[in-house]
Amino acid sequence: MTDSFAATLYRRTTSALQAGRGDADAQGGQVHVNRYTDEAIARQEQRLLRQHPQPVAASSSLASPGAWLSLTHLDIPLLLVRQADGQVQAFLNVCRHRGARVVPEGSGSEARAFVCPYHAWTYRPDGALQGVPGSSGFPCLQQAASGLRKLATVERAGIVWVILDPALSASDPGAHLGALMDNLESLAGLRTPVGWAPRSYDVEANWKLLIDGSFEAYHFKVAHRKTIAHMFVDNLQIVDEFDLNRRLYLVKSTFAEDLPEVNGFDPRRYGNLIYFFFPNTTLLVQPDHAQLSSLEPLGATRTRVHELTLIPQAPASDKAMAHWEANIALYRRTLAEDYGLAESIQAGLASGANEALTFGTFEYSAPRFHAQLRQRLDAMPATPLAHP
Ligand code: FES
Ligand SMILES: [Fe+2]
């Protein structure tokens with residue numbers, strides 16, 4: 001962690017505690033309910049998500065060259081393979097012959113070739129098309145150009161990030177993650193953490209209701225009174241923006257009690273840091289680990305949540321295991337409070353009670369996110385480009 005980052009957060013926390021608020025100039029706002037209910041908007045958001053890096057797996061789940069993982073993310077069949085040079089490469093897990101899924105969901109190591117289950121076209125671990133049974137029947141096939149389609153892939157903070165749109169295969173996912181990712185990786189234990197306890201489950205609410213809830217501590221005292229409210233200063237959030245990404249600092253009450261010094265100040269000891277990577281991924285950074293949550297819109301009113309805990313190393317004892325399990329259990333109990341409320345909001349949206357949801361000044365991060373998202377959606381073509 002750089003000194004300037006910790007010292008700046010220290011100073012801002014001190015003045016926010018004196019002023020009783022984090023962001024003096026913030027503006028509240030409104031978001032129309034149709035942003036949470038309209039299926040056409042949800043479909044366009046799904047397309048937009050495919051243009052931004054998605055955290056699809058823990059780097060630690062692909063331990064050494066030849067390790068592979070076949071999964072589906074945002075409805076896209078993916079194959080991840082750690083290459084001979086140590087880098088993970090993501091491919092569309094779709095045969096270049098007639099489009100069958102090449103590798104069923106699962107994982108393995110020491111891959112030598114991937115054989116399509118339909119007609120046995122065979123691909124090397126680097127995606128190249130290696131063999132075509134009855135190749136004389138394909139006189140025009142350009143074998144060198146018929147490997148598995150590569151997707152833009154990067155490993156950062158122990159996570160494999162992939163841009164799922166093959167038209168963007170030459171783009172740099174690291175550029176989207178930007179300076180905020182550099183800052184995240186500078187934190188102890190978060191450059192190459194181990195992925196632990198992955199979990200996916202569905203919530204009956206629009207994905208953006210879940211995002212809205214991660215952008216303010218206004219609700220802590222009420223919604224989290226049984227879990228984490230007692231640990232935090234009421235309704236105080238310090239926000240830093242990094243282009244479309246942002247970091248929130250939610251200050252713990254121990255800051256005012258201990259009065260730590262600026263020298264050697266450890267922000268993780270005195271608050272939670274929320275790293276938000278536009279548009280759908282959040283990392284909650286705690287003193288000795290982090291929780292990743294990525295939201296997949298299944299439709300306007302249903303979201304699949306993908307969770308992963310990032311810890312410094314795999315637990316080597318029962319005590320270590322119990323420590324992480326207790327942390328994960330509290331995280332999940334707290335999130336269940338948030339997501340229960342999101343489901344109650346979703347159920348009320350169609351009632352006509354509100355034309356728009358209202359956000360106060362200290363909740364400004366949410367309407368700001370909606371405006372940024374809307375701007376990007378409006379800039380996209382209305383439907384995918386037609387092919388001949
Ligand atoms: S579809 Fe894969 S070999 Fe035919
Ligand atoms: Fe919450």
# chains A, B, ... in the order shown; residues from 1 in each chain; ligands from 1
call {"tool": "residues_around", "arguments": {"residues": "Ser64 (chain A)", "least_positions_apart": "6", "cutoff": "12 Å", "atoms": "only C-alpha atoms", "output": "list in words"}}
result
Val81, Arg82, Gln83, Ala84, Asp85, Gly86, Gln87, Val88, Gly108, Ser109, Glu110 and Ala111 of chain A
call {"tool": "residues_near_ligand", "arguments": {"ligand": "ligand 1", "cutoff": "12 Å", "atoms": "only C-alpha atoms and all ligand atoms", "output": "ChimeraX atom specification"}}
result
/A:93-103,114-123,129-135,138,146-148
call {"tool": "write_last_selection", "arguments": {"atoms": "C-alpha atoms", "output": "PDB file, in the first residue's frame"}}
result
ATOM      1  CA  ASN A  93     -15.549 -22.979 -26.177  1.00  0.00           C
ATOM      2  CA  VAL A  94     -17.240 -23.378 -29.547  1.00  0.00           C
ATOM      3  CA  CYS A  95     -16.091 -25.609 -32.376  1.00  0.00           C
ATOM      4  CA  ARG A  96     -15.132 -23.867 -35.599  1.00  0.00           C
ATOM      5  CA  HIS A  97     -16.713 -26.681 -37.655  1.00  0.00           C
ATOM      6  CA  ARG A  98     -20.418 -26.631 -36.841  1.00  0.00           C
ATOM      7  CA  GLY A  99     -20.385 -24.952 -33.506  1.00  0.00           C
ATOM      8  CA  ALA A 100     -20.674 -27.691 -30.867  1.00  0.00           C
ATOM      9  CA  ARG A 101     -19.367 -27.021 -27.391  1.00  0.00           C
ATOM     10  CA  VAL A 102     -15.867 -28.517 -27.482  1.00  0.00           C
ATOM     11  CA  VAL A 103     -15.239 -29.158 -23.782  1.00  0.00           C
ATOM     12  CA  PHE A 114      -9.285 -30.793 -26.829  1.00  0.00           C
ATOM     13  CA  VAL A 115     -11.426 -32.996 -29.064  1.00  0.00           C
ATOM     14  CA  CYS A 116     -14.862 -31.881 -30.206  1.00  0.00           C
ATOM     15  CA  PRO A 117     -17.497 -34.520 -29.319  1.00  0.00           C
ATOM     16  CA  TYR A 118     -19.332 -34.097 -32.658  1.00  0.00           C
ATOM     17  CA  HIS A 119     -16.821 -34.939 -35.437  1.00  0.00           C
ATOM     18  CA  ALA A 120     -13.540 -34.909 -33.477  1.00  0.00           C
ATOM     19  CA  TRP A 121     -11.967 -31.717 -34.757  1.00  0.00           C
ATOM     20  CA  THR A 122      -9.031 -31.383 -32.392  1.00  0.00           C
ATOM     21  CA  TYR A 123      -7.550 -28.241 -30.852  1.00  0.00           C
ATOM     22  CA  LEU A 129      -6.758 -26.419 -34.910  1.00  0.00           C
ATOM     23  CA  GLN A 130      -4.537 -29.486 -34.965  1.00  0.00           C
ATOM     24  CA  GLY A 131      -6.561 -32.193 -36.632  1.00  0.00           C
ATOM     25  CA  VAL A 132      -9.575 -32.581 -38.909  1.00  0.00           C
ATOM     26  CA  PRO A 133     -10.747 -36.168 -39.577  1.00  0.00           C
ATOM     27  CA  GLY A 134     -11.503 -36.553 -43.282  1.00  0.00           C
ATOM     28  CA  SER A 135      -9.741 -33.304 -44.035  1.00  0.00           C
ATOM     29  CA  PHE A 138     -12.710 -29.455 -46.536  1.00  0.00           C
ATOM     30  CA  SER A 146      -9.682 -21.936 -37.701  1.00  0.00           C
ATOM     31  CA  GLY A 147      -8.429 -22.247 -34.152  1.00  0.00           C
ATOM     32  CA  LEU A 148     -10.674 -21.587 -31.168  1.00  0.00           C
TER      33      LEU A 148
END
call {"tool": "closest_atom_pairs", "arguments": {"of": "region 179-218 of chain A", "to": "region 303-324 of chain A", "cutoff": "7 Å", "atoms": "only C-alpha atoms", "output": "Markdown table"}}
result
| residue | atom | partner | partner_atom | distance |
| --- | --- | --- | --- | --- |
| A:Gly189 | CA | A:Pro312 | CA | 5.0 |
| A:Pro193 | CA | A:Pro312 | CA | 4.8 |
| A:Val194 | CA | A:Ile311 | CA | 5.3 |
| A:Gly195 | CA | A:Leu310 | CA | 4.8 |
| A:Trp196 | CA | A:Thr309 | CA | 5.0 |
| A:Ala197 | CA | A:Leu308 | CA | 6.0 |
| A:Pro198 | CA | A:Leu308 | CA | 4.4 |
| A:Arg199 | CA | A:Glu307 | CA | 5.1 |
| A:Ser200 | CA | A:His306 | CA | 4.4 |
| A:Tyr201 | CA | A:Val305 | CA | 5.4 |
| A:Asp202 | CA | A:Arg304 | CA | 4.3 |
| A:Val203 | CA | A:Thr303 | CA | 5.2 |
| A:Glu204 | CA | A:Thr303 | CA | 6.4 |
| A:Ala205 | CA | A:Thr303 | CA | 6.2 |
| A:Asn206 | CA | A:Thr303 | CA | 6.1 |
| A:Trp207 | CA | A:Thr303 | CA | 5.4 |
call {"tool": "select_by_dssp", "arguments": {"residues": "region 53-226 of chain A", "states": "strand (DSSP E)", "output": "ChimeraX atom specification"}}
result
/A:54-58,68-73,76-82,88-92,106-108,114-115,122-123,129-131,150-156,159-163,194-203
call {"tool": "closest_atom_pairs", "arguments": {"of": "chain A", "to": "ligand 2", "cutoff": "10 Å", "atoms": "only C-alpha atoms and all ligand atoms", "output": "CSV"}}
result
residue,atom,partner,partner_atom_place_in_ligand_line,distance
A:Leu210,CA,ligand 2,1 (Fe),8.9
A:Ile211,CA,ligand 2,1 (Fe),9.9
A:Asp212,CA,ligand 2,1 (Fe),9.4
A:Gly213,CA,ligand 2,1 (Fe),5.6
A:Ser214,CA,ligand 2,1 (Fe),6.0
A:Phe215,CA,ligand 2,1 (Fe),8.6
A:Glu216,CA,ligand 2,1 (Fe),7.8
A:Ala217,CA,ligand 2,1 (Fe),7.1
A:Tyr218,CA,ligand 2,1 (Fe),9.0
A:His219,CA,ligand 2,1 (Fe),6.6
A:Phe220,CA,ligand 2,1 (Fe),6.1
A:Lys221,CA,ligand 2,1 (Fe),9.7
A:Val222,CA,ligand 2,1 (Fe),9.7
A:Ala223,CA,ligand 2,1 (Fe),7.0
A:His224,CA,ligand 2,1 (Fe),6.7
A:Thr227,CA,ligand 2,1 (Fe),10.0
A:Ile228,CA,ligand 2,1 (Fe),9.0
A:Ala229,CA,ligand 2,1 (Fe),9.4
A:Tyr331,CA,ligand 2,1 (Fe),9.9
A:Thr334,CA,ligand 2,1 (Fe),6.5
A:Leu335,CA,ligand 2,1 (Fe),6.3
A:Ala336,CA,ligand 2,1 (Fe),8.8
A:Glu337,CA,ligand 2,1 (Fe),7.0
A:Asp338,CA,ligand 2,1 (Fe),4.8
A:Tyr339,CA,ligand 2,1 (Fe),8.3
A:Leu341,CA,ligand 2,1 (Fe),9.3
call {"tool": "write_last_selection", "arguments": {"atoms": "C-alpha atoms", "output": "CSV table (one decimal), in the first residue's frame"}}
result
chain,number,residue,atom,x,y,z
A,210,LEU,CA,-27.8,-5.0,-5.7
A,211,ILE,CA,-25.2,-2.5,-7.0
A,212,ASP,CA,-27.1,0.5,-5.5
A,213,GLY,CA,-26.9,-1.2,-2.1
A,214,SER,CA,-23.2,-1.4,-2.2
A,215,PHE,CA,-22.7,2.3,-2.7
A,216,GLU,CA,-23.8,3.7,0.7
A,217,ALA,CA,-23.6,3.0,4.4
A,218,TYR,CA,-26.8,5.0,5.0
A,219,HIS,CA,-28.6,1.7,5.4
A,220,PHE,CA,-26.2,0.0,7.7
A,221,LYS,CA,-27.7,1.2,11.0
A,222,VAL,CA,-31.1,-0.1,10.0
A,223,ALA,CA,-30.8,-3.0,7.5
A,224,HIS,CA,-27.6,-4.5,9.1
A,227,THR,CA,-24.9,-8.1,11.7
A,228,ILE,CA,-22.4,-5.4,11.0
A,229,ALA,CA,-24.0,-2.0,12.0
A,331,TYR,CA,-20.4,-11.8,4.8
A,334,THR,CA,-25.0,-9.5,5.7
A,335,LEU,CA,-25.5,-9.8,1.9
A,336,ALA,CA,-28.6,-11.8,2.5
A,337,GLU,CA,-30.0,-8.8,4.4
A,338,ASP,CA,-29.1,-6.6,1.4
A,339,TYR,CA,-30.5,-9.0,-1.2
A,341,LEU,CA,-34.3,-5.9,0.6
call {"tool": "closest_residue", "arguments": {"among": "A:Trp161, A:Phe232, A:Tyr249, A:Phe91", "to": "Tyr275 (chain A)", "atoms": "only C-alpha atoms"}}
result
A:Tyr249
call {"tool": "residues_around", "arguments": {"residues": "Phe359 (chain A)", "least_positions_apart": "5", "cutoff": "8 Å", "atoms": "only C-alpha atoms", "output": "JSON, numbers by chain"}}
result
{"A": [28, 29, 30, 364, 366, 367]}
call {"tool": "write_last_selection", "arguments": {"atoms": "C-alpha atoms", "output": "mmCIF file, in the first residue's frame"}}
result
data_model
loop_
_atom_site.group_PDB
_atom_site.id
_atom_site.type_symbol
_atom_site.label_atom_id
_atom_site.label_comp_id
_atom_site.auth_asym_id
_atom_site.auth_seq_id
_atom_site.Cartn_x
_atom_site.Cartn_y
_atom_site.Cartn_z
ATOM 1 C CA GLY A 28 -28.611 13.216 -4.894
ATOM 2 C CA GLY A 29 -30.791 12.096 -7.763
ATOM 3 C CA GLN A 30 -33.548 9.888 -9.109
ATOM 4 C CA TYR A 364 -25.050 9.970 -4.796
ATOM 5 C CA ALA A 366 -25.853 5.191 -7.183
ATOM 6 C CA PRO A 367 -27.516 7.775 -9.464
#
call {"tool": "select_by_dssp", "arguments": {"residues": "region 154-254 of chain A", "states": "alpha helix (DSSP H)", "output": "PyMOL selection string"}}
result
chain A and resi 173-185+207-213+220-223+254
call {"tool": "atom_distance", "arguments": {"atom1": "CA of Lys208 (chain A)", "atom2": "CA of Glu39 (chain A)"}}
result
13.3 Å
call {"tool": "closest_residue", "arguments": {"among": "A:Gln286, A:Thr153, A:Gln27, A:Gln143", "to": "Asp266 (chain A)", "atoms": "only C-alpha atoms"}}
result
A:Gln286
call {"tool": "atom_distance", "arguments": {"atom1": "CA of Leu357 (chain A)", "atom2": "CA of Val33 (chain A)"}}
result
6.6 Å
call {"tool": "closest_residue", "arguments": {"among": "A:Leu80, A:Ala371, A:Gly174, A:Asn235", "to": "Leu151 (chain A)", "atoms": "only C-alpha atoms"}}
result
A:Leu80
call {"tool": "residues_around", "arguments": {"residues": "Ala167 (chain A)", "least_positions_apart": "4", "cutoff": "12 Å", "atoms": "only C-alpha atoms", "output": "count of residues only"}}
result
11
call {"tool": "closest_residue", "arguments": {"among": "A:Leu17, A:Ala145, A:Leu373, A:Leu187", "to": "Val285 (chain A)", "atoms": "only C-alpha atoms"}}
result
A:Leu187
